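Colleague: File follows, work24.cif with mmCIF, C-alpha atoms and all ligand atoms:
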```
data_input
loop_
_atom_site.label_atom_id
_atom_site.label_comp_id
_atom_site.auth_asym_id
_atom_site.auth_seq_id
_atom_site.Cartn_x
_atom_site.Cartn_y
_atom_site.Cartn_z
CA MET A 1 28.81 -16.80 7.49
CA ILE A 2 25.52 -17.96 8.95
CA SER A 3 22.93 -19.46 6.61
CA VAL A 4 19.61 -17.71 6.97
CA ILE A 5 17.83 -19.53 4.17
CA GLU A 6 18.53 -23.09 3.05
CA MET A 7 16.06 -24.41 0.52
CA LEU A 8 16.61 -27.74 -1.10
CA GLY A 9 14.49 -29.32 -3.84
CA ILE A 10 11.48 -27.09 -3.16
CA LYS A 11 8.43 -28.09 -5.18
CA ARG A 12 4.92 -26.70 -5.02
CA GLU A 13 2.04 -28.17 -6.90
CA TYR A 14 -1.48 -26.83 -7.03
CA ARG A 15 -4.22 -29.35 -7.69
CA MET A 16 -7.36 -28.03 -9.23
CA GLU A 17 -10.62 -29.80 -9.92
CA ALA A 18 -11.90 -29.29 -13.42
CA SER A 19 -15.34 -27.69 -13.31
CA THR A 20 -17.64 -30.58 -14.31
CA PRO A 21 -16.36 -34.15 -14.06
CA LYS A 22 -17.68 -36.35 -16.88
CA ALA A 23 -20.21 -39.00 -15.92
CA GLY A 24 -18.53 -42.35 -15.37
CA ALA A 25 -15.00 -40.89 -15.30
CA PRO A 26 -12.71 -41.86 -12.41
CA SER A 27 -12.87 -39.27 -9.63
CA ASN A 28 -9.39 -37.87 -10.26
CA ALA A 29 -9.64 -37.80 -14.05
CA ASP A 30 -10.39 -34.10 -14.13
CA THR A 31 -7.78 -32.94 -11.68
CA VAL A 32 -5.33 -30.49 -13.18
CA VAL A 33 -1.92 -30.22 -11.54
CA VAL A 34 0.00 -26.96 -11.85
CA HIS A 35 3.72 -27.27 -11.10
CA ALA A 36 4.41 -23.78 -9.76
CA LEU A 37 7.88 -24.68 -8.40
CA ARG A 38 9.77 -27.61 -9.86
CA GLY A 39 12.66 -28.19 -7.47
CA VAL A 40 14.28 -24.95 -6.34
CA ASP A 41 17.58 -24.88 -4.41
CA PHE A 42 18.24 -21.49 -2.82
CA PHE A 43 20.70 -20.54 -0.10
CA ALA A 44 21.19 -17.08 1.42
CA GLU A 45 23.55 -15.98 4.14
CA ALA A 46 23.18 -13.30 6.80
CA GLY A 47 23.90 -9.85 5.38
CA GLU A 48 22.86 -10.58 1.78
CA PHE A 49 20.60 -8.36 -0.33
CA VAL A 50 18.96 -10.59 -2.95
CA SER A 51 16.45 -9.72 -5.67
CA VAL A 52 14.05 -12.40 -6.90
CA MET A 53 13.07 -11.83 -10.52
CA GLY A 54 11.19 -13.66 -13.24
CA PRO A 55 8.32 -13.14 -15.68
CA SER A 56 4.72 -13.34 -14.59
CA GLY A 57 3.72 -16.91 -13.78
CA SER A 58 7.31 -18.04 -13.16
CA GLY A 59 6.66 -18.83 -9.48
CA LYS A 60 7.83 -15.68 -7.65
CA SER A 61 4.74 -15.36 -5.43
CA THR A 62 4.73 -19.06 -4.71
CA LEU A 63 8.38 -18.92 -3.67
CA MET A 64 7.75 -15.76 -1.67
CA ASN A 65 4.86 -17.43 0.22
CA ILE A 66 7.08 -20.36 1.11
CA LEU A 67 10.01 -18.12 2.07
CA GLY A 68 7.63 -16.10 4.27
CA CYS A 69 6.19 -19.24 5.92
CA LEU A 70 2.74 -18.40 4.62
CA ASP A 71 2.66 -21.68 2.71
CA LYS A 72 4.45 -25.02 2.83
CA PRO A 73 6.07 -26.76 -0.13
CA SER A 74 4.71 -30.02 -1.58
CA ALA A 75 8.25 -31.43 -1.44
CA GLY A 76 11.72 -30.36 -0.37
CA THR A 77 13.20 -28.87 2.79
CA TYR A 78 13.42 -25.29 4.00
CA PHE A 79 15.61 -24.34 6.94
CA LEU A 80 15.12 -20.76 8.13
CA ASP A 81 17.77 -19.60 10.58
CA GLY A 82 18.49 -23.26 11.30
CA ILE A 83 14.85 -24.25 11.93
CA GLU A 84 13.25 -26.85 9.65
CA THR A 85 10.01 -25.18 8.60
CA SER A 86 8.37 -27.69 6.27
CA SER A 87 7.61 -30.26 8.95
CA SER A 88 7.04 -27.84 11.84
CA ASP A 89 3.67 -27.80 13.59
CA SER A 90 1.36 -24.82 13.11
CA ASP A 91 2.47 -23.09 16.34
CA THR A 92 6.16 -23.27 15.44
CA PHE A 93 5.32 -22.20 11.90
CA ALA A 94 3.47 -19.11 13.19
CA TYR A 95 6.30 -18.37 15.64
CA ILE A 96 8.87 -18.46 12.82
CA ARG A 97 6.71 -16.19 10.65
CA ASN A 98 6.15 -13.74 13.48
CA ARG A 99 9.70 -13.56 14.79
CA LYS A 100 12.04 -14.44 11.96
CA ILE A 101 10.57 -12.51 9.04
CA GLY A 102 9.86 -8.80 8.55
CA PHE A 103 7.32 -8.31 5.76
CA VAL A 104 7.19 -5.25 3.50
CA PHE A 105 4.33 -5.12 0.99
CA GLN A 106 3.66 -3.05 -2.11
CA SER A 107 0.59 -1.49 -0.49
CA PHE A 108 2.28 -0.69 2.88
CA ASN A 109 -0.56 -2.39 4.85
CA LEU A 110 -0.59 0.16 7.69
CA LEU A 111 -3.55 0.58 10.02
CA ALA A 112 -5.18 3.87 9.02
CA ARG A 113 -6.44 5.15 12.36
CA THR A 114 -3.22 4.35 14.17
CA THR A 115 -0.12 6.53 14.45
CA ALA A 116 3.23 5.63 12.92
CA LEU A 117 4.54 4.70 16.36
CA GLU A 118 1.56 2.46 17.16
CA ASN A 119 1.81 0.78 13.75
CA VAL A 120 5.43 -0.10 14.45
CA GLU A 121 4.63 -1.27 18.00
CA LEU A 122 2.00 -3.70 16.77
CA PRO A 123 4.27 -6.70 15.99
CA LEU A 124 5.76 -6.31 19.47
CA PHE A 125 2.29 -6.36 20.98
CA TYR A 126 1.45 -9.59 19.15
CA ARG A 127 4.96 -10.91 19.60
CA ARG A 128 5.06 -14.62 20.23
CA ALA A 129 7.42 -15.30 23.05
CA ASN A 130 9.45 -18.44 23.52
CA LYS A 131 8.82 -20.29 26.75
CA ASP A 132 12.00 -18.81 28.22
CA GLU A 133 11.37 -15.25 27.06
CA LYS A 134 9.64 -12.54 29.03
CA LYS A 135 6.82 -10.58 27.42
CA LEU A 136 7.81 -7.03 26.54
CA GLY A 137 6.28 -4.32 28.71
CA ALA A 138 4.62 -1.20 27.29
CA ARG A 139 7.68 0.94 27.85
CA ALA A 140 10.09 -1.49 26.20
CA ARG A 141 7.70 -1.79 23.24
CA LYS A 142 7.56 1.96 22.81
CA GLU A 143 11.32 2.36 23.08
CA ARG A 144 11.96 -0.33 20.48
CA ALA A 145 9.39 1.13 18.10
CA MET A 146 10.91 4.60 18.49
CA GLN A 147 14.33 3.19 17.75
CA ALA A 148 13.06 1.46 14.60
CA LEU A 149 11.46 4.69 13.38
CA GLU A 150 14.72 6.50 14.00
CA GLU A 151 16.52 3.88 11.93
CA VAL A 152 14.30 4.67 8.93
CA GLY A 153 14.68 8.43 9.41
CA LEU A 154 11.19 9.14 10.77
CA ALA A 155 11.97 10.23 14.33
CA ASN A 156 10.00 13.43 13.69
CA ARG A 157 6.88 11.73 12.33
CA MET A 158 6.03 9.27 15.09
CA ASP A 159 2.66 10.76 15.96
CA HIS A 160 1.49 11.14 12.37
CA PHE A 161 -1.28 9.00 10.96
CA PRO A 162 -0.66 7.23 7.61
CA SER A 163 -2.90 9.75 5.78
CA GLN A 164 -0.59 12.54 6.98
CA LEU A 165 2.45 10.88 5.44
CA SER A 166 3.68 10.62 1.84
CA GLY A 167 3.76 7.20 0.16
CA GLY A 168 7.50 6.99 0.69
CA GLN A 169 7.13 7.84 4.38
CA GLN A 170 4.35 5.25 4.78
CA GLN A 171 6.65 2.63 3.29
CA ARG A 172 9.36 3.74 5.75
CA VAL A 173 6.92 3.12 8.61
CA ALA A 174 6.22 -0.32 7.15
CA ILE A 175 9.98 -0.99 7.02
CA ALA A 176 10.34 0.13 10.65
CA ARG A 177 7.53 -2.30 11.51
CA ALA A 178 9.39 -5.03 9.59
CA ILE A 179 12.66 -4.55 11.50
CA VAL A 180 11.27 -3.88 14.98
CA ASN A 181 11.41 -7.56 15.97
CA ASP A 182 14.96 -7.87 14.66
CA PRO A 183 14.00 -10.63 12.19
CA ALA A 184 16.39 -13.01 10.41
CA PHE A 185 15.50 -11.30 7.15
CA ILE A 186 13.27 -8.68 5.55
CA LEU A 187 10.98 -10.06 2.84
CA ALA A 188 9.85 -7.28 0.51
CA ASP A 189 7.28 -7.85 -2.23
CA GLU A 190 7.50 -5.19 -4.97
CA PRO A 191 8.15 -2.60 -2.24
CA THR A 192 8.19 0.39 -4.59
CA GLY A 193 5.31 -0.71 -6.84
CA ASN A 194 3.09 2.13 -5.56
CA LEU A 195 5.76 4.84 -5.46
CA ASP A 196 7.10 7.41 -7.95
CA THR A 197 10.74 7.43 -9.06
CA GLY A 198 12.05 9.74 -6.30
CA MET A 199 10.35 7.83 -3.49
CA SER A 200 11.42 4.49 -4.99
CA LEU A 201 15.03 5.63 -4.94
CA GLU A 202 14.62 6.76 -1.32
CA ILE A 203 13.33 3.34 -0.34
CA MET A 204 16.13 1.59 -2.24
CA GLY A 205 18.59 3.92 -0.48
CA LEU A 206 17.11 2.96 2.88
CA PHE A 207 17.36 -0.76 2.05
CA GLN A 208 21.00 -0.25 1.08
CA GLN A 209 21.71 1.56 4.37
CA LEU A 210 19.98 -1.16 6.39
CA ASN A 211 21.88 -3.81 4.42
CA LYS A 212 25.18 -2.04 5.15
CA ARG A 213 24.23 -2.23 8.84
CA GLY A 214 23.94 -6.01 8.45
CA LYS A 215 20.24 -6.55 7.67
CA THR A 216 19.44 -9.40 5.30
CA ILE A 217 16.97 -8.45 2.55
CA ILE A 218 15.10 -10.58 0.03
CA MET A 219 13.17 -8.45 -2.47
CA VAL A 220 10.78 -9.63 -5.17
CA THR A 221 10.75 -7.24 -8.13
CA HIS A 222 10.09 -7.40 -11.83
CA GLU A 223 12.25 -4.34 -12.54
CA LEU A 224 15.89 -4.85 -13.40
CA GLU A 225 16.60 -1.17 -12.58
CA LEU A 226 15.60 -1.87 -8.97
CA ALA A 227 17.37 -5.22 -8.78
CA ALA A 228 20.56 -3.32 -9.72
CA TYR A 229 20.52 -1.82 -6.18
CA SER A 230 20.74 -5.28 -4.60
CA ARG A 231 23.88 -7.38 -4.47
CA ARG A 232 22.62 -10.63 -5.93
CA ILE A 233 19.88 -11.49 -8.42
CA ILE A 234 18.17 -14.85 -8.75
CA ALA A 235 15.75 -15.46 -11.62
CA LEU A 236 12.93 -17.95 -11.93
CA ARG A 237 11.39 -19.30 -15.09
CA ASP A 238 8.67 -21.95 -15.28
CA GLY A 239 9.13 -22.78 -11.61
CA LYS A 240 12.88 -23.29 -11.87
CA LEU A 241 15.80 -21.19 -10.73
CA VAL A 242 17.50 -20.39 -14.03
CA SER A 243 20.14 -17.90 -12.93
CA ASP A 244 21.91 -16.69 -9.82
CA ILE A 245 24.37 -13.83 -10.26
CA ASN A 246 26.30 -11.45 -8.04
CA VAL A 247 25.78 -7.81 -9.00
CA GLU A 248 29.28 -6.64 -9.94
CA ASP A 249 28.68 -2.91 -9.85
CA GLN A 250 25.83 -2.36 -7.41
CA ARG A 251 24.22 1.03 -8.07
CA ASP A 252 24.10 3.59 -5.27
CA ALA A 253 20.46 4.62 -4.78
CA LEU A 254 21.18 7.79 -2.81
CA LYS A 255 23.60 9.02 -5.50
CA ASP A 256 21.00 8.27 -8.17
CA LEU A 257 18.43 10.09 -6.06
CA ALA A 258 20.61 13.22 -5.89
CA VAL A 259 21.02 13.21 -9.70
CA TRP A 260 17.29 12.65 -10.17
CA LYS A 261 16.43 15.52 -7.81
CA LYS A 262 18.71 17.94 -9.70
CA LYS A 263 17.17 16.98 -13.03
CA HIS A 264 13.72 17.27 -11.55
CA ALA A 265 14.46 20.75 -10.13
CA ARG A 266 15.83 21.98 -13.48
CA LEU A 267 12.77 20.69 -15.28
CA ALA A 268 10.48 22.31 -12.70
CA GLU A 269 12.28 25.65 -13.18
CA LYS A 270 11.94 25.42 -16.93
CA THR A 271 8.26 24.59 -16.87
CA HIS A 272 7.81 27.54 -14.54
CA GLU A 273 9.46 29.78 -17.10
CA LEU A 274 7.05 28.68 -19.81
P1 LIG B 1 4.47 -15.13 -10.34
O1 LIG B 1 4.39 -14.57 -8.97
O2 LIG B 1 5.88 -15.23 -10.86
O3 LIG B 1 3.58 -14.41 -11.31
P2 LIG B 1 3.01 -17.41 -9.27
O4 LIG B 1 3.83 -18.00 -8.18
O5 LIG B 1 1.86 -16.54 -8.89
O6 LIG B 1 3.98 -16.66 -10.31
O7 LIG B 1 2.42 -18.60 -10.16
C1 LIG B 1 3.18 -19.70 -10.65
C2 LIG B 1 2.24 -20.66 -11.37
O8 LIG B 1 1.38 -21.28 -10.42
C3 LIG B 1 1.35 -20.02 -12.41
O9 LIG B 1 1.19 -20.90 -13.48
C4 LIG B 1 0.05 -19.82 -11.66
O10 LIG B 1 -1.03 -19.81 -12.56
C5 LIG B 1 0.01 -20.99 -10.73
N1 LIG B 1 -0.69 -20.72 -9.47
C6 LIG B 1 -0.34 -19.80 -8.53
N2 LIG B 1 -1.18 -19.83 -7.48
C7 LIG B 1 -2.08 -20.82 -7.75
C8 LIG B 1 -3.21 -21.37 -7.04
N3 LIG B 1 -3.58 -20.93 -5.84
N4 LIG B 1 -3.90 -22.37 -7.64
C9 LIG B 1 -3.54 -22.84 -8.84
N5 LIG B 1 -2.49 -22.39 -9.55
C10 LIG B 1 -1.77 -21.39 -9.03
#
```
Transcribe the structure of this file into structure tokens.
Ligand code: ADP

Modeller:
Amino acid sequence: MISVIEMLGIKREYRMEASTPKAGAPSNADTVVVHALRGVDFFAEAGEFVSVMGPSGSGKSTLMNILGCLDKPSAGTYFLDGIETSSSDSDTFAYIRNRKIGFVFQSFNLLARTTALENVELPLFYRRANKDEKKLGARARKERAMQALEEVGLANRMDHFPSQLSGGQQQRVAIARAIVNDPAFILADEPTGNLDTGMSLEIMGLFQQLNKRGKTIIMVTHELELAAYSRRIIALRDGKLVSDINVEDQRDALKDLAVWKKKHARLAEKTHEL
């Protein structure tokens, strides 16, 4: 197996100046240090589907920012797909972020006046090429974006604008955008936070399908019900990794969706009868 993520001894401290330093006090007397991560070791291999859990304030966002190369740790090393990120220069850092990670956010973050297809093409347009890589032409970009939309089951919605799509479909577009560059892993931050139960199950079903096809997924969630669809759960508390378990009996989201739909239909019939 190939290691996609190798984090060793990751620490992140935030230093904050207290509002009004006292007269005569040494200049650093009023600096407050918050230890958001206190030495995290985390390894993930290609093909894993990992949930990151933990109560509010435990360090999930901080870890997510470091995983996503949006922030660097105060100490420790982070190899992403074999590249040492912590000491890389800003160009390399941006290249890794752009090419190695596919982001999926709670709020979809699609461009409103742009079609599904154009939204998915965007990362290819801004794609950072290695010195020895050719830039992608317009046709290649379009083909790749179409393929990604097909993979998420939206082949028939390519020309729709976000406002013409349901929340679940918008998140599918965002997932197509995340995979279009064939990243080392998908990093999803509360991906169903804005969706109802049915749509959440659809998205979990899609993640499970993509994972079965070999995609590596790291998902931050505070809901154990959602984490049960992944294959491994790590939990943070007070900036430390306190548990790391394999999910023995991974739930099947599409099966759960079918059951939910039946129940929903029965309930709808009944309320109609009233
Ligand atoms: P979570 O995502 O699990 O809620 P965070 O990573 O946001 O946790 O926060 C971890 C700790 O770091 C908290 O105590 C939080 O208050 C602190 N923290 C997060 N971001 C900052 C920041 N920019 N400046 C100072 N403290 C921060």

Colleague: So, counting only C-alpha atoms and all ligand atoms, which residue among A:Glu273, A:Glu248, A:Glu121, A:Asp238 is closest to ligand LIG 1 (chain B)?

Modeller: A:Asp238

Colleague: Report as a tab-separated table: every residue of chain A with an atom at most 9 Å from ligand LIG 1 (chain B), its closest pair of atoms, and their distance in Å to one decimal, counting all atoms listed in the file, with rows sorted by chain and ascending residue number.

Modeller:
```
residue	atom	partner	partner_atom	distance
A:Arg12	CA	B:LIG1	O8	8.4
A:Glu13	CA	B:LIG1	O8	7.8
A:Tyr14	CA	B:LIG1	C9	4.8
A:Arg15	CA	B:LIG1	C9	6.6
A:Met16	CA	B:LIG1	C9	6.5
A:Val32	CA	B:LIG1	C9	9.0
A:Val33	CA	B:LIG1	C9	8.0
A:Val34	CA	B:LIG1	N5	5.7
A:His35	CA	B:LIG1	O8	6.5
A:Ala36	CA	B:LIG1	O8	4.0
A:Leu37	CA	B:LIG1	C1	7.2
A:Met53	CA	B:LIG1	O2	8.0
A:Gly54	CA	B:LIG1	O2	6.0
A:Pro55	CA	B:LIG1	O2	5.8
A:Ser56	CA	B:LIG1	O3	3.6
A:Gly57	CA	B:LIG1	O6	3.5
A:Ser58	CA	B:LIG1	O2	3.9
A:Gly59	CA	B:LIG1	O4	3.2
A:Lys60	CA	B:LIG1	O2	3.8
A:Ser61	CA	B:LIG1	O1	3.6
A:Thr62	CA	B:LIG1	O4	3.7
A:Leu63	CA	B:LIG1	O4	6.5
A:Met64	CA	B:LIG1	O4	7.9
A:Asn65	CA	B:LIG1	O4	8.5
A:Val220	CA	B:LIG1	O1	8.9
A:His222	CA	B:LIG1	O2	8.9
A:Leu236	CA	B:LIG1	O2	7.6
A:Arg237	CA	B:LIG1	O2	8.1
A:Asp238	CA	B:LIG1	C1	7.5
A:Gly239	CA	B:LIG1	C1	6.8
```

Colleague: Leaving out Asn194 in chain A and any residue of its chain fewer than 6 positions from it, which residues lie within 12 Å of it when counting all atoms listed in the file, given as an MDAnalysis selection string?

Modeller: chainID A and resid 105:109 166:168 170:171 200 203

Colleague: At a cut-off of 8 Å, using only C-alpha atoms, what residues contact Ala228 in chain A? Leave out same-chain residues fewer than 4 positions from it and give the result as an mmCIF file with C-alpha atoms, in the coordinates of the input.

Modeller:
```cif
data_model
loop_
_atom_site.group_PDB
_atom_site.id
_atom_site.type_symbol
_atom_site.label_atom_id
_atom_site.label_comp_id
_atom_site.auth_asym_id
_atom_site.auth_seq_id
_atom_site.Cartn_x
_atom_site.Cartn_y
_atom_site.Cartn_z
ATOM 1 C CA LEU A 224 15.890 -4.850 -13.400
ATOM 2 C CA VAL A 247 25.780 -7.810 -9.000
ATOM 3 C CA GLN A 250 25.830 -2.360 -7.410
ATOM 4 C CA ARG A 251 24.220 1.030 -8.070
#
```

Colleague: If I take CA of Glu150 in chain A and CA of Arg127 in chain A, how far is one from the other in Å, to one decimal?

Modeller: 20.7 Å

Colleague: Using all atoms listed in the file, which residues of range 40-157 of chain A come within 6 Å of range 173-177 of chain A, and what is the closest atom pair for each, with the distance in Å to one decimal? Give it as JSON lines, sorted by chain and residue number.

Modeller:
```
{"residue": "A:Phe108", "atom": "CA", "partner": "A:Ala174", "partner_atom": "CA", "distance": 5.8}
{"residue": "A:Val120", "atom": "CA", "partner": "A:Arg177", "partner_atom": "CA", "distance": 4.2}
{"residue": "A:Ala148", "atom": "CA", "partner": "A:Ala176", "partner_atom": "CA", "distance": 5.0}
{"residue": "A:Leu149", "atom": "CA", "partner": "A:Ala176", "partner_atom": "CA", "distance": 5.4}
```

Colleague: Would you mind exporting the chosen residues as a PDB file, keeping the file's coordinate frame, restricted to C-alpha atoms?

Modeller:
```pdb
ATOM      1  CA  PHE A 108       2.280  -0.690   2.880  1.00  0.00           C
ATOM      2  CA  VAL A 120       5.430  -0.100  14.450  1.00  0.00           C
ATOM      3  CA  ALA A 148      13.060   1.460  14.600  1.00  0.00           C
ATOM      4  CA  LEU A 149      11.460   4.690  13.380  1.00  0.00           C
TER       5      LEU A 149
END
```

Colleague: List as an MDAnalysis selection string the protein and nucleic acid residues near Arg144 in chain A, meaning an atom at most 12 Å away when all atoms listed in the file are counted, but skip any in the same chain fewer than 3 places from it.

Modeller: chainID A and resid 117:118 120:125 136:141 147:151 176:177 179:182

Colleague: Counting only C-alpha atoms, which of A:Val104, A:Leu210, A:Ile233, A:Met204 gets nearest to Asp252 in chain A?

Modeller: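 The answer is A:Met204, which sits nearest to Asp252 in chain A.
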
Colleague: Please indicate the distance in Å from CA of Asn156 in chain A to CA of Tyr126 in chain A, rounded to one decimal place.

Modeller: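 According to the coordinates, CA of Asn156 in chain A and CA of Tyr126 in chain A are separated by 25.2 Å.
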
Colleague: What does the structure give for the distance between CA of Val50 in chain A and CA of Gly102 in chain A, in Å to one decimal?

Modeller: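 Rounded to one decimal, the two atoms are 14.8 Å apart.
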
Colleague: Which is closest to Leu110 in chain A among A:Ala44, A:Ala178, A:Ala184, A:Leu241, if we use all atoms listed in the file?

Modeller: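 Among the listed residues, A:Ala178 lies closest to Leu110 in chain A.
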
Colleague: Rank A:Ala112, A:Leu195, A:Cys69, A:Ile218 by their smallest atom-to-atom distance to Ala94 in chain A, using only C-alpha atoms, and report the top residue only.

Modeller: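 Looking only at the distances to Ala94 in chain A, the closest residue turns out to be A:Cys69.
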
Colleague: Would you please work out which residue, of A:Phe93, A:Phe43, A:Phe49, A:Phe161, is nearest to Leu226 in chain A when using all atoms listed in the file?

Modeller: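 Nearest candidate to Leu226 in chain A out of A:Phe93, A:Phe43, A:Phe49, A:Phe161: A:Phe49.
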
Colleague: Produce the centre coordinates and the three edge lengths, each in Å to one decimal, of the box along x, y and z that contains all listed atoms of range 200-213 of chain A with 5 Å added on each side, as JSON.

Modeller:
```
{"center_x": 18.3, "center_y": 1.5, "center_z": 1.9, "size_x": 23.8, "size_y": 20.6, "size_z": 23.8}
```

Colleague: Within 9 Å of Lys72 in chain A, counting all atoms listed in the file, which residues show up once you throw out same-chain ones fewer than 5 positions away? Write them as a list in words, please.

Modeller: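 My list of contacting residues is Arg12, Asn65, Ile66, Leu67, Thr85, Ser86 and Ser87 of chain A.
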
Colleague: Do you know which residues are at most 8 Å from Phe185 in chain A counting all atoms listed in the file, after dropping those on the same chain fewer than 4 positions away, and could you put them as a list in words?

Modeller: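 Result of the neighbour search: Val4, Ala46, Lys100, Ile101, Gly102, Lys215, Thr216, Ile217 and Ile218 of chain A.
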
Colleague: Which residue, A:Glu190, A:Thr92, A:Asn119, A:Ser243, has the smallest gap to His160 in chain A when you use only C-alpha atoms?

Modeller: A:Asn119

Colleague: Regenerate range 161-184 of chain A at the level of N, CA and C atoms and dump it as a PDB file, in the coordinates of the input.

Modeller:
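After the write, rebuild00.pdb holds the following:
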```
ATOM      1  N   PHE A 161      -0.485  10.111  11.459  1.00  0.00           N
ATOM      2  CA  PHE A 161      -1.280   9.000  10.960  1.00  0.00           C
ATOM      3  C   PHE A 161      -0.869   8.744   9.506  1.00  0.00           C
ATOM      4  N   PRO A 162      -1.079   7.523   8.986  1.00  0.00           N
ATOM      5  CA  PRO A 162      -0.660   7.230   7.610  1.00  0.00           C
ATOM      6  C   PRO A 162      -1.132   8.280   6.600  1.00  0.00           C
ATOM      7  N   SER A 163      -2.370   8.775   6.758  1.00  0.00           N
ATOM      8  CA  SER A 163      -2.900   9.750   5.780  1.00  0.00           C
ATOM      9  C   SER A 163      -2.126  11.070   5.818  1.00  0.00           C
ATOM     10  N   GLN A 164      -1.372  11.300   6.882  1.00  0.00           N
ATOM     11  CA  GLN A 164      -0.590  12.540   6.980  1.00  0.00           C
ATOM     12  C   GLN A 164       0.848  12.339   6.500  1.00  0.00           C
ATOM     13  N   LEU A 165       1.092  11.187   5.910  1.00  0.00           N
ATOM     14  CA  LEU A 165       2.450  10.880   5.440  1.00  0.00           C
ATOM     15  C   LEU A 165       2.436  10.624   3.935  1.00  0.00           C
ATOM     16  N   SER A 166       3.579  10.921   3.269  1.00  0.00           N
ATOM     17  CA  SER A 166       3.680  10.620   1.840  1.00  0.00           C
ATOM     18  C   SER A 166       3.795   9.102   1.669  1.00  0.00           C
ATOM     19  N   GLY A 167       3.632   8.637   0.427  1.00  0.00           N
ATOM     20  CA  GLY A 167       3.760   7.200   0.160  1.00  0.00           C
ATOM     21  C   GLY A 167       5.110   6.659   0.618  1.00  0.00           C
ATOM     22  N   GLY A 168       6.157   7.423   0.317  1.00  0.00           N
ATOM     23  CA  GLY A 168       7.500   6.990   0.690  1.00  0.00           C
ATOM     24  C   GLY A 168       7.652   6.891   2.209  1.00  0.00           C
ATOM     25  N   GLN A 169       7.050   7.868   2.904  1.00  0.00           N
ATOM     26  CA  GLN A 169       7.130   7.840   4.380  1.00  0.00           C
ATOM     27  C   GLN A 169       6.315   6.673   4.947  1.00  0.00           C
ATOM     28  N   GLN A 170       5.156   6.397   4.309  1.00  0.00           N
ATOM     29  CA  GLN A 170       4.350   5.250   4.780  1.00  0.00           C
ATOM     30  C   GLN A 170       5.137   3.951   4.620  1.00  0.00           C
ATOM     31  N   GLN A 171       5.869   3.849   3.499  1.00  0.00           N
ATOM     32  CA  GLN A 171       6.650   2.630   3.290  1.00  0.00           C
ATOM     33  C   GLN A 171       7.795   2.559   4.314  1.00  0.00           C
ATOM     34  N   ARG A 172       8.326   3.726   4.707  1.00  0.00           N
ATOM     35  CA  ARG A 172       9.360   3.740   5.750  1.00  0.00           C
ATOM     36  C   ARG A 172       8.795   3.210   7.074  1.00  0.00           C
ATOM     37  N   VAL A 173       7.557   3.626   7.387  1.00  0.00           N
ATOM     38  CA  VAL A 173       6.920   3.120   8.610  1.00  0.00           C
ATOM     39  C   VAL A 173       6.791   1.595   8.523  1.00  0.00           C
ATOM     40  N   ALA A 174       6.377   1.124   7.332  1.00  0.00           N
ATOM     41  CA  ALA A 174       6.220  -0.320   7.150  1.00  0.00           C
ATOM     42  C   ALA A 174       7.577  -1.032   7.316  1.00  0.00           C
ATOM     43  N   ILE A 175       8.642  -0.380   6.875  1.00  0.00           N
ATOM     44  CA  ILE A 175       9.980  -0.990   7.020  1.00  0.00           C
ATOM     45  C   ILE A 175      10.399  -0.982   8.492  1.00  0.00           C
ATOM     46  N   ALA A 176      10.053   0.097   9.203  1.00  0.00           N
ATOM     47  CA  ALA A 176      10.340   0.130  10.650  1.00  0.00           C
ATOM     48  C   ALA A 176       9.584  -1.000  11.341  1.00  0.00           C
ATOM     49  N   ARG A 177       8.331  -1.217  10.935  1.00  0.00           N
ATOM     50  CA  ARG A 177       7.530  -2.300  11.510  1.00  0.00           C
ATOM     51  C   ARG A 177       8.183  -3.661  11.203  1.00  0.00           C
ATOM     52  N   ALA A 178       8.776  -3.754   9.995  1.00  0.00           N
ATOM     53  CA  ALA A 178       9.390  -5.030   9.590  1.00  0.00           C
ATOM     54  C   ALA A 178      10.655  -5.333  10.395  1.00  0.00           C
ATOM     55  N   ILE A 179      11.381  -4.282  10.815  1.00  0.00           N
ATOM     56  CA  ILE A 179      12.660  -4.550  11.500  1.00  0.00           C
ATOM     57  C   ILE A 179      12.558  -4.526  13.031  1.00  0.00           C
ATOM     58  N   VAL A 180      11.380  -4.128  13.539  1.00  0.00           N
ATOM     59  CA  VAL A 180      11.270  -3.880  14.980  1.00  0.00           C
ATOM     60  C   VAL A 180      11.513  -5.137  15.828  1.00  0.00           C
ATOM     61  N   ASN A 181      11.208  -6.294  15.259  1.00  0.00           N
ATOM     62  CA  ASN A 181      11.410  -7.560  15.970  1.00  0.00           C
ATOM     63  C   ASN A 181      12.789  -8.146  15.735  1.00  0.00           C
ATOM     64  N   ASP A 182      13.623  -7.401  15.033  1.00  0.00           N
ATOM     65  CA  ASP A 182      14.960  -7.870  14.660  1.00  0.00           C
ATOM     66  C   ASP A 182      14.895  -9.254  13.992  1.00  0.00           C
ATOM     67  N   PRO A 183      14.209  -9.328  12.834  1.00  0.00           N
ATOM     68  CA  PRO A 183      14.000 -10.630  12.190  1.00  0.00           C
ATOM     69  C   PRO A 183      15.283 -11.150  11.529  1.00  0.00           C
ATOM     70  N   ALA A 184      15.233 -12.417  11.109  1.00  0.00           N
ATOM     71  CA  ALA A 184      16.390 -13.010  10.410  1.00  0.00           C
ATOM     72  C   ALA A 184      16.553 -12.370   9.034  1.00  0.00           C
TER      73      ALA A 184
END
```
